[in-house]
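Structure file query-v8.cif (mmCIF, C-alpha atoms) follows.
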```cif
data_target
#
loop_
_atom_site.label_atom_id
_atom_site.label_comp_id
_atom_site.auth_asym_id
_atom_site.auth_seq_id
_atom_site.Cartn_x
_atom_site.Cartn_y
_atom_site.Cartn_z
CA MET A 15 -2.82 3.65 53.35
CA THR A 16 -3.71 3.53 49.72
CA GLY A 17 -0.57 1.54 49.01
CA ARG A 18 -1.42 -1.11 51.61
CA GLY A 19 -4.99 -1.32 50.33
CA ALA A 20 -3.72 -1.77 46.81
CA ASP A 21 -1.36 -4.54 47.87
CA GLU A 22 -4.09 -6.41 49.63
CA ILE A 23 -6.38 -6.11 46.67
CA SER A 24 -3.81 -7.39 44.29
CA THR A 25 -3.20 -10.50 46.37
CA THR A 26 -6.89 -11.16 46.91
CA GLY A 27 -7.50 -10.35 43.29
CA ALA A 28 -4.89 -12.93 42.38
CA THR A 29 -6.57 -15.56 44.54
CA VAL A 30 -9.90 -14.81 42.98
CA ALA A 31 -8.34 -14.80 39.57
CA GLY A 32 -6.46 -17.98 40.43
CA GLY A 33 -9.66 -19.73 41.44
CA GLN A 34 -11.28 -18.74 38.26
CA VAL A 35 -8.29 -19.39 36.09
CA THR A 36 -8.04 -23.02 37.18
CA GLY A 37 -11.61 -23.50 36.07
CA GLU A 38 -10.96 -21.77 32.82
CA VAL A 39 -7.76 -23.63 32.17
CA LEU A 40 -9.50 -26.92 32.74
CA THR A 41 -12.28 -26.23 30.29
CA GLY A 42 -9.80 -24.57 27.96
CA ASP A 43 -7.61 -27.66 28.00
CA VAL A 44 -10.50 -29.95 27.31
CA LEU A 45 -11.64 -27.74 24.45
CA ALA A 46 -8.15 -27.40 23.05
CA GLY A 47 -7.70 -31.15 23.28
CA ALA A 48 -10.92 -31.73 21.41
CA ALA A 49 -9.91 -29.17 18.82
CA ARG A 50 -6.52 -30.79 18.48
CA GLU A 51 -8.00 -34.18 17.88
CA ALA A 52 -10.67 -33.09 15.44
CA PRO A 53 -8.45 -31.69 12.64
CA GLY A 54 -6.22 -34.73 12.92
CA GLU A 55 -9.14 -37.02 12.25
CA GLN A 56 -10.31 -34.83 9.41
CA ASP A 57 -6.86 -34.78 7.88
CA ALA A 58 -6.61 -38.54 8.04
CA SER A 59 -9.97 -39.08 6.41
CA ARG A 60 -9.41 -36.33 3.85
CA ALA A 61 -5.99 -37.45 2.76
CA ASP A 62 -7.00 -40.40 0.62
CA THR A 63 -10.75 -40.39 -0.01
CA ARG A 64 -12.05 -37.46 -2.04
CA THR A 65 -10.90 -34.14 -3.41
CA ARG A 66 -12.27 -31.09 -1.69
CA ASN A 67 -14.85 -29.06 -3.59
CA ASN A 68 -13.73 -25.46 -3.52
CA ARG A 69 -16.32 -24.10 -5.94
CA ALA A 70 -17.97 -22.09 -3.15
CA TRP A 71 -15.10 -19.63 -3.60
CA PHE A 72 -16.79 -18.49 -6.83
CA LEU A 73 -19.38 -16.83 -4.58
CA VAL A 74 -16.67 -14.32 -3.65
CA LEU A 75 -16.40 -13.27 -7.29
CA PRO A 76 -18.88 -10.35 -7.10
CA VAL A 77 -16.86 -8.81 -4.25
CA VAL A 78 -13.62 -9.28 -6.17
CA VAL A 79 -15.10 -7.61 -9.25
CA SER A 80 -16.57 -4.68 -7.34
CA VAL A 81 -13.38 -4.14 -5.33
CA ALA A 82 -11.39 -4.27 -8.56
CA PHE A 83 -13.59 -1.58 -10.09
CA THR A 84 -13.80 0.66 -7.04
CA ALA A 85 -10.35 0.24 -5.54
CA VAL A 86 -7.71 -1.64 -7.50
CA ILE A 87 -8.19 -0.08 -10.93
CA PRO A 88 -8.46 3.49 -9.56
CA LEU A 89 -5.37 2.84 -7.45
CA MET A 90 -3.45 1.65 -10.53
CA THR A 91 -4.57 4.81 -12.31
CA VAL A 92 -3.32 6.94 -9.43
CA VAL A 93 0.05 5.19 -9.66
CA ASN A 94 0.08 6.01 -13.37
CA PHE A 95 -0.82 9.64 -12.62
CA SER A 96 2.01 9.92 -10.12
CA VAL A 97 4.79 9.38 -12.66
CA GLN A 98 3.49 11.66 -15.41
CA ASP A 99 2.67 15.27 -16.16
CA ILE A 100 -0.75 14.95 -17.72
CA PHE A 101 -2.46 17.55 -19.87
CA SER A 102 -4.87 15.17 -21.60
CA PRO A 103 -5.03 11.40 -22.09
CA THR A 104 -3.04 11.77 -25.32
CA ASP A 105 -0.81 14.66 -24.28
CA ARG A 106 1.31 13.56 -21.33
CA ILE A 107 4.98 13.43 -20.35
CA PHE A 108 6.73 10.76 -18.30
CA VAL A 109 8.54 12.45 -15.42
CA GLY A 110 9.73 9.47 -13.40
CA LEU A 111 9.87 10.07 -9.65
CA ASP A 112 9.90 13.90 -9.86
CA TRP A 113 6.46 14.31 -8.28
CA PHE A 114 7.43 12.08 -5.37
CA ARG A 115 10.57 14.15 -4.83
CA SER A 116 8.70 17.44 -4.90
CA VAL A 117 5.78 16.18 -2.79
CA THR A 118 7.94 14.67 -0.03
CA ARG A 119 10.02 17.87 0.13
CA ASP A 120 7.17 20.37 -0.11
CA PRO A 121 7.21 22.43 3.13
CA GLU A 122 3.44 22.93 2.96
CA ILE A 123 2.77 19.19 2.77
CA ARG A 124 5.32 18.43 5.49
CA ALA A 125 3.64 21.04 7.70
CA ALA A 126 0.25 19.45 6.99
CA LEU A 127 1.65 16.02 7.94
CA LEU A 128 3.00 17.37 11.25
CA ARG A 129 -0.27 19.21 11.85
CA THR A 130 -2.28 16.04 11.24
CA LEU A 131 -0.02 13.99 13.54
CA LEU A 132 -0.29 16.68 16.24
CA PHE A 133 -4.06 16.71 15.86
CA SER A 134 -4.23 12.91 16.16
CA ALA A 135 -2.00 12.99 19.25
CA GLN A 136 -4.17 15.62 20.94
CA VAL A 137 -7.33 13.75 19.99
CA LEU A 138 -5.95 10.59 21.64
CA LEU A 139 -4.72 12.44 24.74
CA LEU A 140 -8.13 14.02 25.27
CA GLU A 141 -10.54 11.34 24.13
CA ILE A 142 -9.05 8.22 25.71
CA PRO A 143 -8.92 9.48 29.35
CA LEU A 144 -12.25 11.28 28.94
CA GLY A 145 -13.90 8.22 27.44
CA VAL A 146 -12.58 5.96 30.22
CA ALA A 147 -13.69 8.45 32.88
CA LEU A 148 -17.14 8.61 31.29
CA ALA A 149 -17.38 4.82 31.14
CA VAL A 150 -16.32 4.40 34.78
CA SER A 151 -18.89 6.92 35.98
CA MET A 152 -21.74 5.43 33.96
CA PRO A 153 -24.21 3.35 36.03
CA ARG A 154 -23.66 -0.42 36.02
CA ARG A 155 -27.26 -1.50 36.61
CA GLY A 156 -30.82 -0.18 36.73
CA VAL A 157 -32.81 2.18 34.55
CA GLY A 158 -29.89 4.56 34.39
CA VAL A 159 -27.96 2.20 32.10
CA SER A 160 -30.24 2.65 29.09
CA ALA A 161 -30.57 6.38 29.64
CA ALA A 162 -26.80 6.82 29.93
CA LEU A 163 -26.13 4.66 26.86
CA VAL A 164 -28.58 6.60 24.68
CA LEU A 165 -27.29 9.97 25.89
CA VAL A 166 -23.65 9.03 25.37
CA ALA A 167 -24.24 7.44 21.96
CA LEU A 168 -26.19 10.42 20.61
CA PRO A 169 -23.25 12.29 18.99
CA LEU A 170 -22.23 9.09 17.17
CA LEU A 171 -25.54 9.05 15.31
CA ILE A 172 -25.02 12.44 13.69
CA PRO A 173 -23.50 12.51 10.19
CA TRP A 174 -20.06 14.11 9.85
CA ASN A 175 -21.15 17.11 7.78
CA VAL A 176 -24.02 17.82 10.16
CA VAL A 177 -21.58 17.76 13.09
CA GLY A 178 -19.52 20.28 11.14
CA THR A 179 -22.53 22.50 10.53
CA ILE A 180 -23.63 22.28 14.17
CA TRP A 181 -20.21 23.39 15.39
CA GLN A 182 -19.80 26.01 12.69
CA ILE A 183 -22.90 27.73 14.03
CA PHE A 184 -22.37 26.84 17.70
CA ALA A 185 -18.90 28.42 17.77
CA ARG A 186 -19.89 31.64 15.97
CA GLY A 187 -19.47 34.76 18.05
CA ASP A 188 -22.64 36.50 16.84
CA ILE A 189 -25.38 33.85 16.65
CA GLY A 190 -23.75 30.70 18.11
CA LEU A 191 -24.49 29.79 21.72
CA GLY A 192 -20.94 28.64 22.47
CA GLY A 193 -19.12 31.43 20.69
CA TRP A 194 -21.45 34.08 22.08
CA THR A 195 -21.02 32.78 25.64
CA ILE A 196 -17.22 32.78 25.37
CA ASN A 197 -17.16 36.30 23.92
CA ASN A 198 -19.84 38.00 26.01
CA VAL A 199 -20.09 36.07 29.27
CA LEU A 200 -16.50 34.92 29.78
CA GLY A 201 -15.17 38.04 28.08
CA VAL A 202 -12.55 36.16 26.04
CA ASN A 203 -12.14 37.24 22.44
CA PHE A 204 -12.92 34.10 20.43
CA ASN A 205 -13.24 34.05 16.65
CA TYR A 206 -12.47 30.83 14.81
CA THR A 207 -12.61 32.47 11.38
CA LEU A 208 -9.77 34.88 12.20
CA ASP A 209 -7.63 33.34 14.91
CA SER A 210 -5.78 30.13 14.08
CA THR A 211 -5.62 28.91 17.70
CA ASP A 212 -9.36 29.41 18.08
CA ALA A 213 -9.97 27.50 14.84
CA TRP A 214 -7.74 24.64 16.04
CA ILE A 215 -9.51 24.49 19.41
CA THR A 216 -12.92 24.50 17.70
CA VAL A 217 -12.02 21.58 15.42
CA LEU A 218 -10.39 19.68 18.29
CA LEU A 219 -13.37 20.18 20.62
CA MET A 220 -15.69 19.14 17.82
CA ASP A 221 -13.80 15.88 17.35
CA VAL A 222 -13.75 15.27 21.11
CA TRP A 223 -17.50 15.89 21.26
CA HIS A 224 -18.17 13.63 18.30
CA TRP A 225 -15.91 10.69 19.12
CA THR A 226 -15.33 10.48 22.88
CA PRO A 227 -18.65 8.55 23.06
CA LEU A 228 -17.10 5.82 20.92
CA VAL A 229 -14.22 5.41 23.37
CA ALA A 230 -16.70 5.56 26.26
CA LEU A 231 -18.91 2.85 24.77
CA LEU A 232 -15.93 0.59 24.05
CA ALA A 233 -14.56 1.10 27.56
CA TYR A 234 -18.00 0.57 29.07
CA ALA A 235 -18.33 -2.74 27.24
CA GLY A 236 -14.88 -3.68 28.58
CA LEU A 237 -15.86 -2.73 32.13
CA ARG A 238 -19.10 -4.72 31.95
CA SER A 239 -17.13 -7.85 31.09
CA ILE A 240 -15.19 -7.78 34.39
CA PRO A 241 -16.64 -10.49 36.67
CA ASP A 242 -18.27 -9.28 39.88
CA PRO A 243 -15.98 -11.28 42.26
CA TYR A 244 -13.16 -8.83 41.49
CA PHE A 245 -15.24 -5.94 42.80
CA GLN A 246 -16.47 -7.98 45.76
CA ALA A 247 -12.89 -8.83 46.69
CA ALA A 248 -11.92 -5.19 46.41
CA GLN A 249 -14.87 -4.21 48.57
CA ILE A 250 -13.95 -6.74 51.25
CA ASP A 251 -10.42 -5.34 51.31
CA GLY A 252 -11.85 -1.86 51.69
CA ALA A 253 -10.18 -0.61 48.53
CA SER A 254 -10.70 2.99 47.53
CA ALA A 255 -12.43 3.74 44.23
CA TRP A 256 -9.08 4.79 42.80
CA ALA A 257 -7.35 1.55 43.83
CA THR A 258 -10.21 -0.44 42.31
CA PHE A 259 -9.85 1.50 39.09
CA ARG A 260 -6.06 1.36 38.98
CA HIS A 261 -5.64 -2.32 39.82
CA ILE A 262 -8.80 -3.98 38.57
CA GLN A 263 -10.55 -1.94 35.91
CA LEU A 264 -7.66 -0.37 34.01
CA PRO A 265 -5.64 -3.59 33.47
CA ARG A 266 -8.78 -5.30 32.20
CA LEU A 267 -9.39 -2.49 29.70
CA ARG A 268 -6.12 -3.00 27.84
CA GLY A 269 -7.73 -4.86 24.93
CA VAL A 270 -10.57 -2.46 24.23
CA LEU A 271 -8.34 0.56 24.75
CA THR A 272 -5.93 -0.76 22.12
CA ILE A 273 -8.82 -0.93 19.68
CA ALA A 274 -10.05 2.51 20.73
CA ILE A 275 -6.62 4.11 20.33
CA LEU A 276 -6.04 2.62 16.89
CA LEU A 277 -9.57 3.45 15.69
CA ARG A 278 -9.34 7.01 16.92
CA PHE A 279 -5.87 7.45 15.43
CA MET A 280 -7.00 6.24 12.00
CA ASP A 281 -10.15 8.35 12.00
CA SER A 282 -8.49 11.53 13.20
CA PHE A 283 -5.57 11.03 10.82
CA MET A 284 -7.99 10.88 7.87
CA ILE A 285 -10.40 13.56 9.16
CA TYR A 286 -11.84 15.61 6.31
CA THR A 287 -15.53 16.48 6.42
CA GLU A 288 -15.76 18.24 9.77
CA PRO A 289 -12.86 20.70 9.43
CA PHE A 290 -13.82 21.21 5.78
CA VAL A 291 -17.29 22.34 6.85
CA VAL A 292 -16.18 24.40 9.86
CA THR A 293 -12.97 26.11 8.73
CA GLY A 294 -12.25 24.88 5.20
CA GLY A 295 -8.63 24.47 6.30
CA GLY A 296 -8.24 28.06 7.44
CA PRO A 297 -7.62 30.62 8.69
CA GLY A 298 -4.52 30.55 6.49
CA ASN A 299 -3.27 26.98 6.78
CA ALA A 300 -4.11 26.58 10.46
CA THR A 301 -6.43 23.60 10.11
CA SER A 302 -5.51 22.30 6.66
CA PHE A 303 -4.89 18.65 7.48
CA LEU A 304 -3.44 16.20 4.95
CA SER A 305 -6.83 15.25 3.54
CA ILE A 306 -7.89 18.87 3.05
CA LEU A 307 -4.60 19.79 1.38
CA LEU A 308 -4.81 16.69 -0.82
CA SER A 309 -8.31 17.48 -2.03
CA LYS A 310 -7.22 21.05 -2.72
CA ILE A 311 -4.35 19.83 -4.91
CA ALA A 312 -6.35 17.06 -6.61
CA VAL A 313 -9.76 18.64 -7.09
CA GLY A 314 -9.11 22.36 -6.68
CA GLN A 315 -5.96 22.76 -8.74
CA PHE A 316 -6.41 19.51 -10.72
CA ASP A 317 -2.69 18.73 -10.43
CA LEU A 318 -3.07 15.02 -11.08
CA GLY A 319 0.64 14.14 -10.88
CA PRO A 320 1.45 15.67 -7.48
CA ALA A 321 -1.95 14.61 -6.14
CA GLY A 322 -1.25 11.03 -7.24
CA ALA A 323 2.16 10.98 -5.55
CA PHE A 324 0.67 12.63 -2.45
CA SER A 325 -2.16 10.10 -2.18
CA LEU A 326 0.26 7.22 -2.49
CA MET A 327 2.36 8.57 0.40
CA TYR A 328 -0.82 9.12 2.45
CA PHE A 329 -2.03 5.64 1.52
CA LEU A 330 1.29 4.16 2.66
CA ILE A 331 0.93 5.67 6.15
CA VAL A 332 -2.70 4.57 6.45
CA GLN A 333 -1.73 1.14 5.16
CA ILE A 334 0.97 0.73 7.83
CA VAL A 335 -1.30 1.84 10.66
CA SER A 336 -4.16 -0.38 9.54
CA TYR A 337 -1.81 -3.35 9.27
CA VAL A 338 -0.63 -2.72 12.82
CA PHE A 339 -4.30 -2.43 13.82
CA PHE A 340 -5.11 -5.71 12.10
CA THR A 341 -2.10 -7.48 13.60
CA VAL A 342 -2.84 -6.29 17.13
CA LEU A 343 -6.50 -7.29 16.81
CA THR A 344 -5.94 -10.75 15.36
CA ARG A 345 -2.66 -11.82 16.94
CA THR A 346 -2.80 -10.69 20.55
CA GLY A 347 -2.26 -13.58 22.89
CA ARG A 348 -0.78 -15.84 20.23
CA MET B 143 -10.74 1.45 -23.73
CA ILE B 144 -8.01 1.77 -21.12
CA GLU B 145 -6.74 5.05 -22.56
CA TRP B 146 -8.05 6.89 -19.48
CA MET B 147 -5.78 4.86 -17.24
CA VAL B 148 -2.76 6.55 -18.86
CA TRP B 149 -0.44 3.55 -18.57
CA THR B 150 3.32 3.92 -18.90
CA PRO B 151 5.76 1.04 -19.50
CA PRO B 152 7.43 1.32 -16.04
CA THR B 153 4.16 1.29 -14.05
CA ALA B 154 2.84 -1.54 -16.24
CA LEU B 155 6.02 -3.49 -15.45
CA VAL B 156 5.62 -2.83 -11.71
CA PHE B 157 2.04 -4.10 -11.68
CA ALA B 158 2.87 -7.06 -13.92
CA GLY B 159 5.67 -7.88 -11.46
CA LEU B 160 3.26 -7.67 -8.52
CA ALA B 161 0.75 -9.90 -10.30
CA LEU B 162 3.50 -12.40 -11.10
CA LEU B 163 4.65 -12.28 -7.48
CA LEU B 164 1.13 -13.03 -6.21
CA ALA B 165 0.66 -15.82 -8.77
CA GLY B 166 4.05 -17.23 -7.84
CA MET B 167 3.22 -17.16 -4.13
CA THR B 168 -0.07 -18.95 -4.88
CA VAL B 169 1.68 -21.69 -6.82
CA TRP B 170 4.36 -21.97 -4.14
CA ALA B 171 1.64 -22.30 -1.48
CA ARG B 172 0.10 -25.15 -3.49
CA ILE B 173 3.42 -26.95 -3.82
CA SER B 174 4.48 -26.52 -0.19
CA PRO B 175 1.97 -24.92 2.19
CA PRO B 176 3.43 -21.98 4.19
CA VAL B 177 4.44 -22.56 7.79
CA ALA B 178 3.92 -19.83 10.39
CA ARG B 179 6.90 -19.07 12.61
CA ARG B 180 8.33 -16.33 14.79
CA GLY B 181 11.35 -14.29 13.72
CA PHE B 182 12.90 -10.99 14.78
CA LEU B 183 9.55 -9.24 14.13
CA ARG B 184 8.32 -11.03 17.29
CA ILE B 185 4.95 -11.90 15.73
CA GLU B 186 3.89 -15.16 14.14
CA THR B 187 4.14 -14.78 10.36
CA ASP B 188 4.05 -17.07 7.35
CA ARG B 189 5.86 -16.20 4.15
CA GLY B 190 2.92 -14.25 2.70
CA ASP B 191 2.79 -12.01 5.79
CA ARG B 192 6.53 -11.45 5.58
CA LEU B 193 6.28 -10.59 1.87
CA TYR B 194 3.62 -7.98 2.67
CA ILE B 195 5.56 -6.52 5.61
CA GLY B 196 8.71 -6.56 3.49
CA LEU B 197 7.07 -4.77 0.55
CA ILE B 198 5.62 -2.10 2.84
CA SER B 199 9.01 -1.64 4.55
CA ALA B 200 10.68 -1.40 1.15
CA ALA B 201 8.19 1.32 0.19
CA VAL B 202 9.04 3.18 3.40
CA VAL B 203 12.75 2.95 2.60
CA LEU B 204 12.16 4.36 -0.90
CA THR B 205 9.94 7.15 0.45
CA VAL B 206 12.36 8.26 3.15
CA TRP B 207 15.23 8.07 0.67
CA ILE B 208 13.54 10.30 -1.89
CA ALA B 209 12.44 12.70 0.84
CA VAL B 210 15.89 13.30 2.33
CA THR B 211 18.64 12.64 -0.22
CA ASP B 212 19.53 13.23 -3.87
CA LEU B 213 21.60 10.05 -4.11
CA SER B 214 20.67 7.64 -6.91
CA MET B 215 17.34 5.89 -6.56
CA TRP B 216 18.99 2.70 -7.80
CA LEU B 217 20.93 2.65 -4.54
CA ALA B 218 17.61 3.14 -2.71
CA LEU B 219 16.13 0.25 -4.66
CA ALA B 220 19.08 -1.93 -3.65
CA CYS B 221 18.53 -1.02 0.03
CA ALA B 222 14.78 -1.65 -0.29
CA LEU B 223 15.38 -5.07 -1.83
CA LEU B 224 17.86 -5.85 0.93
CA VAL B 225 15.23 -4.93 3.54
CA LEU B 226 12.69 -7.11 1.72
CA LEU B 227 15.16 -9.99 1.68
CA VAL B 228 16.09 -9.66 5.35
CA ILE B 229 12.43 -9.51 6.46
CA GLY B 230 11.50 -12.39 4.18
CA ARG B 231 14.35 -14.57 5.45
CA TRP B 232 14.63 -13.75 9.16
CA GLY B 233 11.45 -11.75 9.91
#
```
What does this structure look like when you write it as structure tokens?
Amino acid sequence: MTGRGADEISTTGATVAGGQVTGEVLTGDVLAGAAREAPGEQDASRADTRTRNNRAWFLVLPVVVSVAFTAVIPLMTVVNFSVQDIFSPTDRIFVGLDWFRSVTRDPEIRAALLRTLLFSAQVLLLEIPLGVALAVSMPRRGVGVSAALVLVALPLLIPWNVVGTIWQIFARGDIGLGGWTINNVLGVNFNYTLDSTDAWITVLLMDVWHWTPLVALLAYAGLRSIPDPYFQAAQIDGASAWATFRHIQLPRLRGVLTIAILLRFMDSFMIYTEPFVVTGGGPGNATSFLSILLSKIAVGQFDLGPAGAFSLMYFLIVQIVSYVFFTVLTRTGR
Amino acid sequence: MIEWMVWTPPTALVFAGLALLLAGMTVWARISPPVARRGFLRIETDRGDRLYIGLISAAVVLTVWIAVTDLSMWLALACALLVLLVIGRWG
């Protein structure tokens, strides 16, 4: 039954899409043609008459200077740190790649990397389906839209450290509503300061609470951009809500979901403030993600060499993911 | 003034090399503007994109090498340069 319904929808959907696509292609062609002609004309006129004035680029200079001071020069310094054992600016020994060797082979750092990847994977597995479900069940018109948007967006407005503080208290067994309920009403022993699983669950739930709204808002925006004829066609075919979701809404969400997945991966991979406030990386090493371990090495122990090598490895991973992010965002459909 | 940056000759050479590379790419782009094309990476890239992807891939090769084996890093450097070359030429 569902299968037949789905088939019918897809064909009708295609007709509807086909009808629209012809229109779009027409206008698209006209536009593209105009665009194709325009640069040609410009090129022809530009080629022989006057030189282009590029002095406006000097307006970028302040950004270049500030980025140099806040990013490039510190990064160069970190590279310098990573190949030396430094006691003071004048008393330092060149050690070559030793720090890189010890950092990449350190079991604690490898465990933190795996832990961070696992955390990111769980964050994605929970937040993406939840966010999509939330977006689908949000009202599409009427007064409910504003109310739902405000309610859903609320966690996004709270600063990271405040989210941490909220959950640190909320999950406490003695005075926190959540922790107290789990311990005394459900009768499950829950203590995130002693039990590593409880700590992990607390941090994970906190991230889901804080960031699912972002996925929901992105998905909602994607859903709102689907033209009504698709839904009308589905309705005429008597499609179930699931078939509508599976064959109309989900395929049209691919773009925004790509953005959501990459954003959530980057953010959860670099998470620092919230677990720092709630668990401080503990109990033991249970929630010490890469960022927490790095700050412990760099600021706590002041081991500049290993911290430099560590940050460069971390930077490399973030760099790769953000490049993929950038590529997917700017080159899809080309 | 730059004492706090604790420079060493090798890192200074690396950054000078990078600066030279960027300057060289700029000059090259002035002489013959880069053309975007599609290689085995399956995305449209011009030579600057391929240089960036190649450098990042070379860094990955070096990192994995130092993480798993005690073989000479010069060999790793050779592999990294090979990767850079392959991506730059056919990427």
Written as a list in words, what is the full residue list that the PyMOL selection byres ((chain B) within 8 of (chain A)) yields on the file shown?
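So the PyMOL selection byres ((chain B) within 8 of (chain A)), applied here, picks out Glu145, Trp146, Met147, Val148, Trp149, Thr150, Thr153, Ile185, Glu186, Ile198, Ala201, Val202, Thr205, Ile208, Ala209 and Val210 of chain B.
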Residues around (8.8, -9.8, 14.3), cut-off 12 Å, counting all atoms listed in the file - what are they as a VMD selection string?
(chain A and resid 338 341 345) or (chain B and resid 178 to 188 191 to 192 195 to 196 228 to 233)
List, as an mmCIF file with C-alpha atoms, in the frame of the given file, every residue that the PyMOL selection byres ((chain A and resi 151-161) around 12) selects in the file provided.
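The result, stored in result-v7.cif:
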```cif
data_model
loop_
_atom_site.group_PDB
_atom_site.id
_atom_site.type_symbol
_atom_site.label_atom_id
_atom_site.label_comp_id
_atom_site.auth_asym_id
_atom_site.auth_seq_id
_atom_site.Cartn_x
_atom_site.Cartn_y
_atom_site.Cartn_z
ATOM 1 C CA LEU A 144 -12.250 11.280 28.940
ATOM 2 C CA GLY A 145 -13.900 8.220 27.440
ATOM 3 C CA VAL A 146 -12.580 5.960 30.220
ATOM 4 C CA ALA A 147 -13.690 8.450 32.880
ATOM 5 C CA LEU A 148 -17.140 8.610 31.290
ATOM 6 C CA ALA A 149 -17.380 4.820 31.140
ATOM 7 C CA VAL A 150 -16.320 4.400 34.780
ATOM 8 C CA ALA A 162 -26.800 6.820 29.930
ATOM 9 C CA LEU A 163 -26.130 4.660 26.860
ATOM 10 C CA VAL A 164 -28.580 6.600 24.680
ATOM 11 C CA LEU A 165 -27.290 9.970 25.890
ATOM 12 C CA VAL A 166 -23.650 9.030 25.370
ATOM 13 C CA ALA A 167 -24.240 7.440 21.960
ATOM 14 C CA LEU A 168 -26.190 10.420 20.610
ATOM 15 C CA PRO A 227 -18.650 8.550 23.060
ATOM 16 C CA ALA A 230 -16.700 5.560 26.260
ATOM 17 C CA LEU A 231 -18.910 2.850 24.770
ATOM 18 C CA ALA A 233 -14.560 1.100 27.560
ATOM 19 C CA TYR A 234 -18.000 0.570 29.070
ATOM 20 C CA ALA A 235 -18.330 -2.740 27.240
ATOM 21 C CA GLY A 236 -14.880 -3.680 28.580
ATOM 22 C CA LEU A 237 -15.860 -2.730 32.130
ATOM 23 C CA ARG A 238 -19.100 -4.720 31.950
ATOM 24 C CA SER A 239 -17.130 -7.850 31.090
ATOM 25 C CA ILE A 240 -15.190 -7.780 34.390
ATOM 26 C CA ASP A 242 -18.270 -9.280 39.880
ATOM 27 C CA ALA A 255 -12.430 3.740 44.230
ATOM 28 C CA PHE A 259 -9.850 1.500 39.090
#
```
Nearest to Ile273 in chain A by atom-to-atom distance, counting only C-alpha atoms, from A:Asn299, A:Ser336, A:Thr211, A:Ser309:
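Counting only C-alpha atoms, the residue closest to Ile273 in chain A is A:Ser336.
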Could you check which residues have any atom within 9 Å of (-3.3, 20.8, 3.5), counting all atoms listed in the file with coordinates taken straight from the file, and then list them as an mmCIF file with C-alpha atoms, keeping the file's coordinate frame?
```
data_model
loop_
_atom_site.group_PDB
_atom_site.id
_atom_site.type_symbol
_atom_site.label_atom_id
_atom_site.label_comp_id
_atom_site.auth_asym_id
_atom_site.auth_seq_id
_atom_site.Cartn_x
_atom_site.Cartn_y
_atom_site.Cartn_z
ATOM 1 C CA GLU A 122 3.440 22.930 2.960
ATOM 2 C CA ILE A 123 2.770 19.190 2.770
ATOM 3 C CA ALA A 125 3.640 21.040 7.700
ATOM 4 C CA ALA A 126 0.250 19.450 6.990
ATOM 5 C CA LEU A 127 1.650 16.020 7.940
ATOM 6 C CA GLY A 295 -8.630 24.470 6.300
ATOM 7 C CA ASN A 299 -3.270 26.980 6.780
ATOM 8 C CA THR A 301 -6.430 23.600 10.110
ATOM 9 C CA SER A 302 -5.510 22.300 6.660
ATOM 10 C CA PHE A 303 -4.890 18.650 7.480
ATOM 11 C CA LEU A 304 -3.440 16.200 4.950
ATOM 12 C CA SER A 305 -6.830 15.250 3.540
ATOM 13 C CA ILE A 306 -7.890 18.870 3.050
ATOM 14 C CA LEU A 307 -4.600 19.790 1.380
ATOM 15 C CA LEU A 308 -4.810 16.690 -0.820
ATOM 16 C CA SER A 309 -8.310 17.480 -2.030
ATOM 17 C CA LYS A 310 -7.220 21.050 -2.720
ATOM 18 C CA ILE A 311 -4.350 19.830 -4.910
#
```
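Rounded to one decimal, CA of Glu288 in chain A and CA of Val199 in chain A lie 26.8 Å from each other.
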Who sits within 12 Å of Pro175 in chain B, only C-alpha atoms, same chain under 5 positions skipped, as a count of residues only
7
For Ala200 in chain B, list every protein, DNA or RNA residue within 9 Å, evaluated using all atoms listed in the file, and leave out those in the same chain fewer than 3 positions away; present the list as a ChimeraX atom specification.
/B:195-197,203-205,219,221-226
Could you give me the axis-aligned bounding box of range 169-178 of chain B, with 6 Å of padding per side, as centre plus edge lengths in Å to one decimal, as lines of an AutoDock Vina configuration file?
```
center_x = 2.3
center_y = -23.4
center_z = 1.8
size_x = 16.4
size_y = 19.1
size_z = 29.2
```
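Taking only C-alpha atoms into account, Thr179 in chain A lies nearest to A:Phe290 out of the set A:Trp113, A:Phe283, A:Phe245, A:Phe290.
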Spatial neighbours of Arg186 in chain A, 12 Å, all atoms listed in the file, chain gap at least 4 places, as a list in words
Thr179, Ile180, Trp181, Gln182, Gly190, Leu191, Gly192, Gly193, Trp194, Thr195, Ile196, Asn197, Asn198, Asn203, Phe204, Asn205, Tyr206, Thr207, Leu208, Asp212, Ala213, Thr216, Val292 and Thr293 of chain A
Pick out the closest residue to Phe157 in chain B from this set: A:Val86, A:Ala247, A:Leu140, A:Val222. Count only C-alpha atoms.
A:Val86
Given the file above and the PyMOL selection byres ((chain A and resi 279) around 12), which residues are selected, and can you give them as a ChimeraX atom specification?
/A:130-139,141-142,221,225,229,271-278,280-285,331-332,335-336,338-339
Would you mind reading off the distance between CA of Val206 in chain B and CA of Pro152 in chain B, one decimal, in Å?
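Separation of CA of Val206 in chain B and CA of Pro152 in chain B: 21.0 Å.
Straight-line separation from CA of Leu89 in chain A to CA of Leu162 in chain B: 18.0 Å.
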